file query-v5.tsv (TSV, C-alpha atoms)
chain	number	residue	atom	x	y	z
I	1	MET	CA	-14.57	-64.89	-20.99
I	2	SER	CA	-13.31	-62.12	-18.72
I	3	LYS	CA	-15.57	-59.43	-17.29
I	4	LYS	CA	-13.65	-56.72	-19.14
I	5	TYR	CA	-14.11	-58.48	-22.49
I	6	ARG	CA	-17.87	-58.95	-21.91
I	7	TRP	CA	-18.18	-55.26	-21.00
I	8	ILE	CA	-16.43	-54.22	-24.24
I	9	LEU	CA	-18.74	-56.47	-26.28
I	10	PHE	CA	-21.76	-54.98	-24.51
I	11	ILE	CA	-20.66	-51.41	-25.30
I	12	ILE	CA	-20.03	-52.28	-28.95
I	13	GLY	CA	-23.42	-53.98	-29.21
I	14	ALA	CA	-25.24	-51.09	-27.52
I	15	GLY	CA	-23.48	-48.58	-29.74
I	16	THR	CA	-24.42	-50.52	-32.86
I	17	PHE	CA	-28.05	-50.75	-31.72
I	18	LEU	CA	-28.27	-47.00	-30.95
I	19	TYR	CA	-26.64	-46.04	-34.25
I	20	THR	CA	-29.02	-48.27	-36.22
I	21	TYR	CA	-32.09	-47.08	-34.29
I	22	PHE	CA	-31.40	-43.36	-34.63
I	23	SER	CA	-30.20	-43.48	-38.24
I	24	ASN	CA	-33.38	-45.33	-39.25
I	25	ASN	CA	-35.76	-43.15	-37.22
I	26	LEU	CA	-34.32	-39.71	-37.92
I	27	SER	CA	-33.22	-40.05	-41.53
I	28	PRO	CA	-36.56	-39.26	-43.26
I	29	LEU	CA	-36.09	-35.54	-42.53
I	30	GLN	CA	-32.37	-35.07	-43.18
I	31	ASN	CA	-32.61	-33.64	-46.69
I	32	SER	CA	-34.05	-30.22	-47.40
I	33	GLU	CA	-36.44	-31.80	-49.89
I	34	LEU	CA	-39.74	-33.04	-48.50
I	35	LYS	CA	-39.88	-36.81	-48.40
I	36	THR	CA	-43.33	-38.28	-48.21
I	37	ASN	CA	-42.76	-40.93	-45.58
I	38	THR	CA	-46.20	-42.13	-44.54
I	39	SER	CA	-45.30	-42.20	-40.85
I	40	SER	CA	-44.23	-38.56	-40.82
I	41	VAL	CA	-46.62	-36.82	-43.22
I	42	SER	CA	-50.06	-35.82	-42.00
I	43	SER	CA	-52.91	-35.33	-44.39
I	44	ARG	CA	-52.96	-32.07	-46.27
I	45	LEU	CA	-55.08	-29.45	-44.54
I	46	THR	CA	-55.96	-25.82	-45.09
I	47	VAL	CA	-54.73	-23.06	-42.78
I	48	ALA	CA	-57.75	-21.25	-41.31
I	49	TYR	CA	-55.96	-18.78	-39.01
I	50	VAL	CA	-52.44	-17.51	-38.38
I	51	THR	CA	-51.82	-16.91	-34.68
I	52	ASP	CA	-48.34	-15.39	-35.06
I	53	GLY	CA	-45.06	-16.01	-36.87
I	54	ASP	CA	-44.68	-19.60	-35.71
I	55	THR	CA	-48.18	-20.92	-34.97
I	56	ILE	CA	-51.19	-21.64	-37.18
I	57	LYS	CA	-54.67	-23.10	-36.80
I	58	LEU	CA	-55.91	-25.60	-39.37
I	59	SER	CA	-59.37	-26.03	-40.88
I	60	ASN	CA	-59.92	-29.10	-38.67
I	61	GLY	CA	-59.24	-27.04	-35.51
I	62	ASP	CA	-55.73	-28.37	-34.80
I	63	LYS	CA	-53.10	-25.85	-33.79
I	64	VAL	CA	-49.61	-26.29	-35.24
I	65	ARG	CA	-46.36	-24.92	-33.83
I	66	TYR	CA	-43.51	-24.71	-36.35
I	67	ILE	CA	-40.54	-26.87	-35.32
I	68	GLY	CA	-37.13	-25.22	-35.06
I	69	VAL	CA	-38.17	-21.58	-35.15
I	70	ASP	CA	-39.30	-18.89	-32.72
I	71	SER	CA	-40.86	-15.66	-33.95
I	72	PRO	CA	-41.14	-12.40	-32.01
I	73	GLU	CA	-44.09	-12.46	-29.62
I	74	LEU	CA	-47.23	-10.39	-30.03
I	75	SER	CA	-48.52	-8.80	-26.83
I	76	HIS	CA	-50.48	-11.30	-24.74
I	77	TYR	CA	-52.10	-10.61	-21.39
I	78	GLY	CA	-50.32	-7.30	-20.84
I	79	SER	CA	-46.87	-8.42	-22.04
I	80	THR	CA	-44.81	-6.17	-24.29
I	81	GLU	CA	-44.94	-6.84	-28.02
I	82	GLU	CA	-41.54	-7.74	-29.46
I	83	CYS	CA	-40.01	-5.97	-32.44
I	84	ASN	CA	-41.36	-7.24	-35.81
I	85	ALA	CA	-44.04	-9.43	-34.20
I	86	LYS	CA	-46.84	-8.02	-36.37
I	87	GLU	CA	-44.67	-8.22	-39.47
I	88	ALA	CA	-43.84	-11.86	-38.70
I	89	ARG	CA	-47.51	-12.70	-38.40
I	90	GLN	CA	-48.32	-10.87	-41.64
I	91	TYR	CA	-45.53	-12.63	-43.52
I	92	ASN	CA	-46.67	-16.00	-42.19
I	93	GLU	CA	-50.22	-15.16	-43.35
I	94	SER	CA	-48.91	-14.34	-46.82
I	95	LEU	CA	-47.27	-17.76	-46.97
I	96	VAL	CA	-50.00	-20.03	-45.59
I	97	LEU	CA	-53.39	-18.43	-44.85
I	98	ASN	CA	-56.23	-20.18	-46.71
I	99	LYS	CA	-53.71	-22.45	-48.41
I	100	GLU	CA	-53.28	-26.19	-48.23
I	101	VAL	CA	-50.19	-27.19	-46.25
I	102	ILE	CA	-48.23	-30.40	-45.90
I	103	LEU	CA	-47.27	-31.21	-42.31
I	104	VAL	CA	-44.20	-33.30	-41.51
I	105	LYS	CA	-43.50	-34.66	-38.03
I	106	ASP	CA	-39.99	-34.98	-36.58
I	107	VAL	CA	-39.80	-36.94	-33.32
I	108	THR	CA	-42.19	-35.25	-30.88
I	109	ASN	CA	-45.87	-35.12	-31.80
I	110	MET	CA	-47.16	-32.32	-29.53
I	111	ASP	CA	-45.90	-29.62	-27.20
I	112	ARG	CA	-47.12	-28.98	-23.66
I	113	TYR	CA	-49.85	-26.68	-25.04
I	114	LYS	CA	-51.30	-29.54	-27.13
I	115	ARG	CA	-50.14	-28.00	-30.42
I	116	LEU	CA	-48.87	-30.30	-33.15
I	117	LEU	CA	-45.12	-29.83	-33.72
I	118	ARG	CA	-44.47	-29.89	-37.46
I	119	TYR	CA	-42.32	-28.84	-40.35
I	120	VAL	CA	-44.74	-27.05	-42.67
I	121	TYR	CA	-44.63	-26.96	-46.47
I	122	VAL	CA	-46.87	-25.06	-48.85
I	123	ILE	CA	-47.03	-25.40	-52.61
I	124	GLY	CA	-45.95	-22.12	-54.23
I	125	GLU	CA	-47.49	-20.40	-57.22
I	126	GLN	CA	-45.06	-22.11	-59.62
I	127	GLY	CA	-45.78	-25.53	-58.09
I	128	ASN	CA	-42.59	-25.52	-56.01
I	129	LYS	CA	-42.53	-26.62	-52.37
I	130	ILE	CA	-41.83	-23.83	-49.89
I	131	PHE	CA	-40.46	-24.92	-46.51
I	132	VAL	CA	-42.32	-22.40	-44.34
I	133	ASN	CA	-40.22	-22.87	-41.18
I	134	GLU	CA	-37.03	-22.16	-43.13
I	135	GLN	CA	-38.60	-19.26	-45.05
I	136	MET	CA	-39.64	-17.52	-41.80
I	137	VAL	CA	-36.02	-17.64	-40.57
I	138	LYS	CA	-34.43	-16.82	-43.94
I	139	GLU	CA	-36.55	-13.68	-44.36
I	140	GLY	CA	-35.83	-12.56	-40.79
I	141	TYR	CA	-39.29	-13.11	-39.32
I	142	ALA	CA	-38.17	-15.81	-36.86
I	143	PHE	CA	-35.09	-17.00	-35.02
I	144	MET	CA	-33.68	-20.48	-35.29
I	145	SER	CA	-34.70	-22.26	-32.09
I	146	THR	CA	-34.18	-26.02	-32.06
I	147	TYR	CA	-34.83	-28.37	-29.15
I	148	PRO	CA	-33.87	-32.03	-29.03
I	149	PRO	CA	-35.11	-34.43	-30.11
I	150	ASN	CA	-36.62	-32.37	-32.99
I	151	VAL	CA	-33.34	-31.41	-34.63
I	152	ALA	CA	-33.46	-32.97	-38.11
I	153	LYS	CA	-33.44	-29.59	-39.88
I	154	THR	CA	-30.96	-27.72	-37.64
I	155	ASP	CA	-28.41	-27.23	-40.45
I	156	ILE	CA	-31.04	-25.68	-42.70
I	157	PHE	CA	-32.11	-23.26	-39.96
I	158	GLN	CA	-28.51	-22.28	-39.19
I	159	LYS	CA	-27.88	-21.40	-42.85
I	160	ALA	CA	-31.17	-19.51	-43.08
I	161	GLN	CA	-30.43	-17.44	-39.98
I	162	LYS	CA	-26.91	-16.67	-41.16
I	163	PHE	CA	-28.35	-15.48	-44.48
I	164	ALA	CA	-30.96	-13.28	-42.75
I	165	ARG	CA	-28.41	-11.75	-40.39
I	166	GLU	CA	-25.82	-11.07	-43.10
I	167	ASN	CA	-28.46	-9.51	-45.37
I	168	LYS	CA	-30.16	-7.57	-42.55
I	169	LYS	CA	-33.51	-9.19	-43.25
I	170	GLY	CA	-36.57	-8.53	-41.09
I	171	LEU	CA	-35.74	-8.44	-37.39
I	172	TRP	CA	-32.01	-8.29	-38.20
I	173	ASN	CA	-32.60	-4.84	-39.70
I	174	GLY	CA	-32.97	-2.58	-36.69
I	175	CYS	CA	-34.44	-4.72	-33.93
I	176	MET	CA	-32.28	-4.61	-30.85
I	177	PHE	CA	-32.15	-8.29	-29.91
I	178	ASP	CA	-29.38	-9.86	-27.92
I	179	THR	CA	-30.05	-13.47	-28.87
I	180	THR	CA	-27.74	-14.72	-26.12
I	181	LYS	CA	-29.98	-13.09	-23.48
I	182	ARG	CA	-33.30	-13.67	-25.22
I	183	LYS	CA	-35.47	-15.97	-23.17
I	184	LYS	CA	-35.79	-19.31	-24.89
I	185	ARG	CA	-39.37	-20.51	-24.95
I	186	GLN	CA	-39.69	-24.25	-24.73
I	187	TYR	CA	-42.43	-25.86	-26.76
call {"tool": "encode", "arguments": {"input": "query-v5.tsv", "output": "structure tokens"}}
result
Amino acid sequence: MSKKYRWILFIIGAGTFLYTYFSNNLSPLQNSELKTNTSSVSSRLTVAYVTDGDTIKLSNGDKVRYIGVDSPELSHYGSTEECNAKEARQYNESLVLNKEVILVKDVTNMDRYKRLLRYVYVIGEQGNKIFVNEQMVKEGYAFMSTYPPNVAKTDIFQKAQKFARENKKGLWNGCMFDTTKRKKRQY
């Protein structure tokens, strides 16, 4: 067997392996509906405190950073408060404070600040599931902000942000943000 032929077989084999690995490990979060895959769903916990528009503290003390979104920053340590930061926090409180949430993991478990990275769902008043991360973007209280490898819901966030921008929701109604120059905060 020639070297060239062995190399082609290796590439085909590696490609097949990578396709199989990633399709099996990323597929549980591809639909907008919550799938209760035991490896990705944490136990249900109550939200004890809302830090801002994209971070919460649970009744067990864990801090959770919403995957795929970035809300305007409140003033911290002398920094300037961004437009709609208080409103984003208040809206987040209205969605989750003192309510039981369902946490769904994508690929990465924690960020560099030791916060859990999760998609967050809350059961609404009519018993429907509300995807909090999406709702924050759709109502204009957060920007879409995805970072690999946690990208399973990127399409949902793109549609939500387009909706918010077109309908001048929240921060898209008067805040002077140039999203191309806005500093991206890694989590």
call {"tool": "atom_distance", "arguments": {"input": "query-v5.tsv", "atom1": "CA of Val122 in chain I", "atom2": "CA of Thr46 in chain I"}}
result
9.9 Å
call {"tool": "closest_atom_pairs", "arguments": {"input": "query-v5.tsv", "of": "range 116-170 of chain I", "to": "range 91-100 of chain I", "cutoff": "10 Å", "atoms": "all atoms listed in the file", "output": "JSON lines"}}
result
{"residue": "I:Val120", "atom": "CA", "partner": "I:Val96", "partner_atom": "CA", "distance": 9.2}
{"residue": "I:Tyr121", "atom": "CA", "partner": "I:Val96", "partner_atom": "CA", "distance": 8.8}
{"residue": "I:Val122", "atom": "CA", "partner": "I:Glu100", "partner_atom": "CA", "distance": 6.5}
{"residue": "I:Ile123", "atom": "CA", "partner": "I:Glu100", "partner_atom": "CA", "distance": 7.7}
{"residue": "I:Gly124", "atom": "CA", "partner": "I:Leu95", "partner_atom": "CA", "distance": 8.6}
{"residue": "I:Ile130", "atom": "CA", "partner": "I:Leu95", "partner_atom": "CA", "distance": 8.7}
{"residue": "I:Phe131", "atom": "CA", "partner": "I:Leu95", "partner_atom": "CA", "distance": 9.9}
{"residue": "I:Val132", "atom": "CA", "partner": "I:Leu95", "partner_atom": "CA", "distance": 7.3}
{"residue": "I:Asn133", "atom": "CA", "partner": "I:Asn92", "partner_atom": "CA", "distance": 9.5}
{"residue": "I:Gln135", "atom": "CA", "partner": "I:Leu95", "partner_atom": "CA", "distance": 9.0}
{"residue": "I:Met136", "atom": "CA", "partner": "I:Asn92", "partner_atom": "CA", "distance": 7.2}
{"residue": "I:Glu139", "atom": "CA", "partner": "I:Tyr91", "partner_atom": "CA", "distance": 9.1}
{"residue": "I:Tyr141", "atom": "CA", "partner": "I:Tyr91", "partner_atom": "CA", "distance": 7.5}
call {"tool": "closest_residue", "arguments": {"input": "query-v5.tsv", "among": "I:Gly78, I:Pro149, I:Gly53, I:Gly140", "to": "Gln161 in chain I", "atoms": "all atoms listed in the file"}}
result
I:Gly140
call {"tool": "atom_distance", "arguments": {"input": "query-v5.tsv", "atom1": "CA of Tyr66 in chain I", "atom2": "CA of Asn167 in chain I"}}
result
23.2 Å
call {"tool": "atom_distance", "arguments": {"input": "query-v5.tsv", "atom1": "CA of Ala85 in chain I", "atom2": "CA of Val50 in chain I"}}
result
12.4 Å
call {"tool": "residues_around", "arguments": {"input": "query-v5.tsv", "residues": "Gly174 in chain I", "least_positions_apart": "6", "cutoff": "10 Å", "atoms": "only C-alpha atoms", "output": "VMD selection string"}}
result
chain I and resid 83 to 84 168
call {"tool": "closest_residue", "arguments": {"input": "query-v5.tsv", "among": "I:Val151, I:Asn173, I:Phe157, I:Glu125", "to": "Asp106 in chain I", "atoms": "only C-alpha atoms"}}
result
I:Val151
call {"tool": "residues_around", "arguments": {"input": "query-v5.tsv", "residues": "Lys159 in chain I", "least_positions_apart": "3", "cutoff": "12 Å", "atoms": "only C-alpha atoms", "output": "number ranges by chain"}}
result
I: 32, 134-135, 137-139, 143-144, 153-156, 162-166
call {"tool": "closest_residue", "arguments": {"input": "query-v5.tsv", "among": "I:Asn150, I:Ser79, I:Gln90, I:Ser145", "to": "Asn109 in chain I", "atoms": "all atoms listed in the file"}}
result
I:Asn150
call {"tool": "closest_residue", "arguments": {"input": "query-v5.tsv", "among": "I:Leu45, I:Thr55, I:Glu82, I:Gly68", "to": "Pro148 in chain I", "atoms": "all atoms listed in the file"}}
result
I:Gly68
call {"tool": "decode", "arguments": {"input": "query-v5.tsv", "residues": "range 63-173 of chain I", "atoms": "C-alpha atoms", "output": "compact mmCIF listing (two decimals), in the first residue's frame"}}
result
# COMPACT_ATOMS: atom_id res chain seq x y z
CA LYS I 63 -23.11 31.04 40.92
CA VAL I 64 -24.37 30.49 37.38
CA ARG I 65 -23.36 32.45 34.27
CA TYR I 66 -25.82 32.18 31.38
CA ILE I 67 -24.23 30.62 28.29
CA GLY I 68 -24.40 32.54 25.01
CA VAL I 69 -25.48 35.94 26.31
CA ASP I 70 -23.87 39.08 27.70
CA SER I 71 -25.93 41.73 29.46
CA PRO I 72 -24.95 45.36 30.04
CA GLU I 73 -22.66 45.71 33.04
CA LEU I 74 -23.63 47.34 36.30
CA SER I 75 -20.98 49.63 37.80
CA HIS I 76 -18.31 47.64 39.62
CA TYR I 77 -15.28 49.08 41.38
CA GLY I 78 -15.64 52.53 39.86
CA SER I 79 -16.47 51.41 36.31
CA THR I 80 -19.23 53.12 34.36
CA GLU I 81 -22.63 51.47 34.34
CA GLU I 82 -23.75 50.49 30.85
CA CYS I 83 -27.10 51.50 29.37
CA ASN I 84 -30.00 49.27 30.53
CA ALA I 85 -27.88 47.39 33.08
CA LYS I 86 -30.37 47.94 35.92
CA GLU I 87 -33.29 47.08 33.66
CA ALA I 88 -31.56 43.86 32.58
CA ARG I 89 -31.06 42.85 36.19
CA GLN I 90 -34.69 43.68 37.04
CA TYR I 91 -36.00 41.70 34.08
CA ASN I 92 -33.81 38.74 35.01
CA GLU I 93 -35.18 38.96 38.57
CA SER I 94 -38.74 38.91 37.23
CA LEU I 95 -37.95 35.71 35.35
CA VAL I 96 -36.02 33.69 37.94
CA LEU I 97 -35.77 35.16 41.45
CA ASN I 98 -37.10 32.76 44.11
CA LYS I 99 -38.11 30.32 41.38
CA GLU I 100 -36.92 26.81 40.69
CA VAL I 101 -34.72 26.63 37.58
CA ILE I 102 -33.51 23.79 35.40
CA LEU I 103 -29.83 24.05 34.48
CA VAL I 104 -28.47 22.50 31.29
CA LYS I 105 -24.75 22.19 30.59
CA ASP I 106 -23.25 22.54 27.11
CA VAL I 107 -19.57 21.55 26.87
CA THR I 108 -17.70 23.64 29.43
CA ASN I 109 -18.65 23.24 33.09
CA MET I 110 -17.22 26.43 34.64
CA ASP I 111 -15.70 29.74 33.65
CA ARG I 112 -12.47 31.22 35.01
CA TYR I 113 -14.44 32.85 37.86
CA LYS I 114 -15.69 29.42 39.04
CA ARG I 115 -19.27 30.11 37.90
CA LEU I 116 -21.26 27.26 36.39
CA LEU I 117 -21.92 27.85 32.68
CA ARG I 118 -25.49 26.84 31.92
CA TYR I 119 -28.55 27.24 29.78
CA VAL I 120 -31.28 28.15 32.26
CA TYR I 121 -34.96 27.22 32.06
CA VAL I 122 -37.78 28.23 34.36
CA ILE I 123 -41.32 26.88 34.40
CA GLY I 124 -43.75 29.67 33.51
CA GLU I 125 -47.11 30.40 35.10
CA GLN I 126 -48.94 28.31 32.48
CA GLY I 127 -46.54 25.38 32.99
CA ASN I 128 -44.53 26.19 29.87
CA LYS I 129 -40.72 26.12 29.82
CA ILE I 130 -39.08 29.52 29.40
CA PHE I 131 -35.53 29.49 28.04
CA VAL I 132 -34.13 32.35 30.14
CA ASN I 133 -30.95 32.91 28.10
CA GLU I 134 -33.00 33.32 24.92
CA GLN I 135 -35.64 35.46 26.64
CA MET I 136 -32.99 37.93 27.90
CA VAL I 137 -31.75 38.43 24.31
CA LYS I 138 -35.20 38.43 22.70
CA GLU I 139 -36.47 41.16 25.03
CA GLY I 140 -33.33 43.26 24.49
CA TYR I 141 -31.78 42.86 27.94
CA ALA I 142 -28.69 41.01 26.69
CA PHE I 143 -26.57 40.60 23.59
CA MET I 144 -25.88 37.30 21.92
CA SER I 145 -22.32 36.37 22.88
CA THR I 146 -21.27 32.81 22.10
CA TYR I 147 -17.84 31.28 22.65
CA PRO I 148 -16.73 27.88 21.43
CA PRO I 149 -17.13 25.19 22.46
CA ASN I 150 -20.47 26.27 24.03
CA VAL I 151 -22.29 27.00 20.79
CA ALA I 152 -25.22 24.57 20.71
CA LYS I 153 -27.83 27.34 20.88
CA THR I 154 -26.17 29.93 18.61
CA ASP I 155 -28.99 29.84 16.02
CA ILE I 156 -31.59 30.52 18.70
CA PHE I 157 -29.62 33.50 20.02
CA GLN I 158 -29.11 34.93 16.52
CA LYS I 159 -32.87 34.83 15.86
CA ALA I 160 -33.63 36.33 19.28
CA GLN I 161 -31.19 39.21 18.77
CA LYS I 162 -32.52 39.90 15.29
CA PHE I 163 -36.05 40.04 16.72
CA ALA I 164 -34.98 42.42 19.53
CA ARG I 165 -33.11 44.72 17.17
CA GLU I 166 -35.89 44.85 14.56
CA ASN I 167 -38.51 45.53 17.24
CA LYS I 168 -36.33 48.02 19.16
CA LYS I 169 -36.59 46.01 22.36
CA GLY I 170 -34.71 46.99 25.52
CA LEU I 171 -31.17 48.13 24.80
CA TRP I 172 -31.96 48.35 21.06
CA ASN I 173 -34.35 51.21 21.86
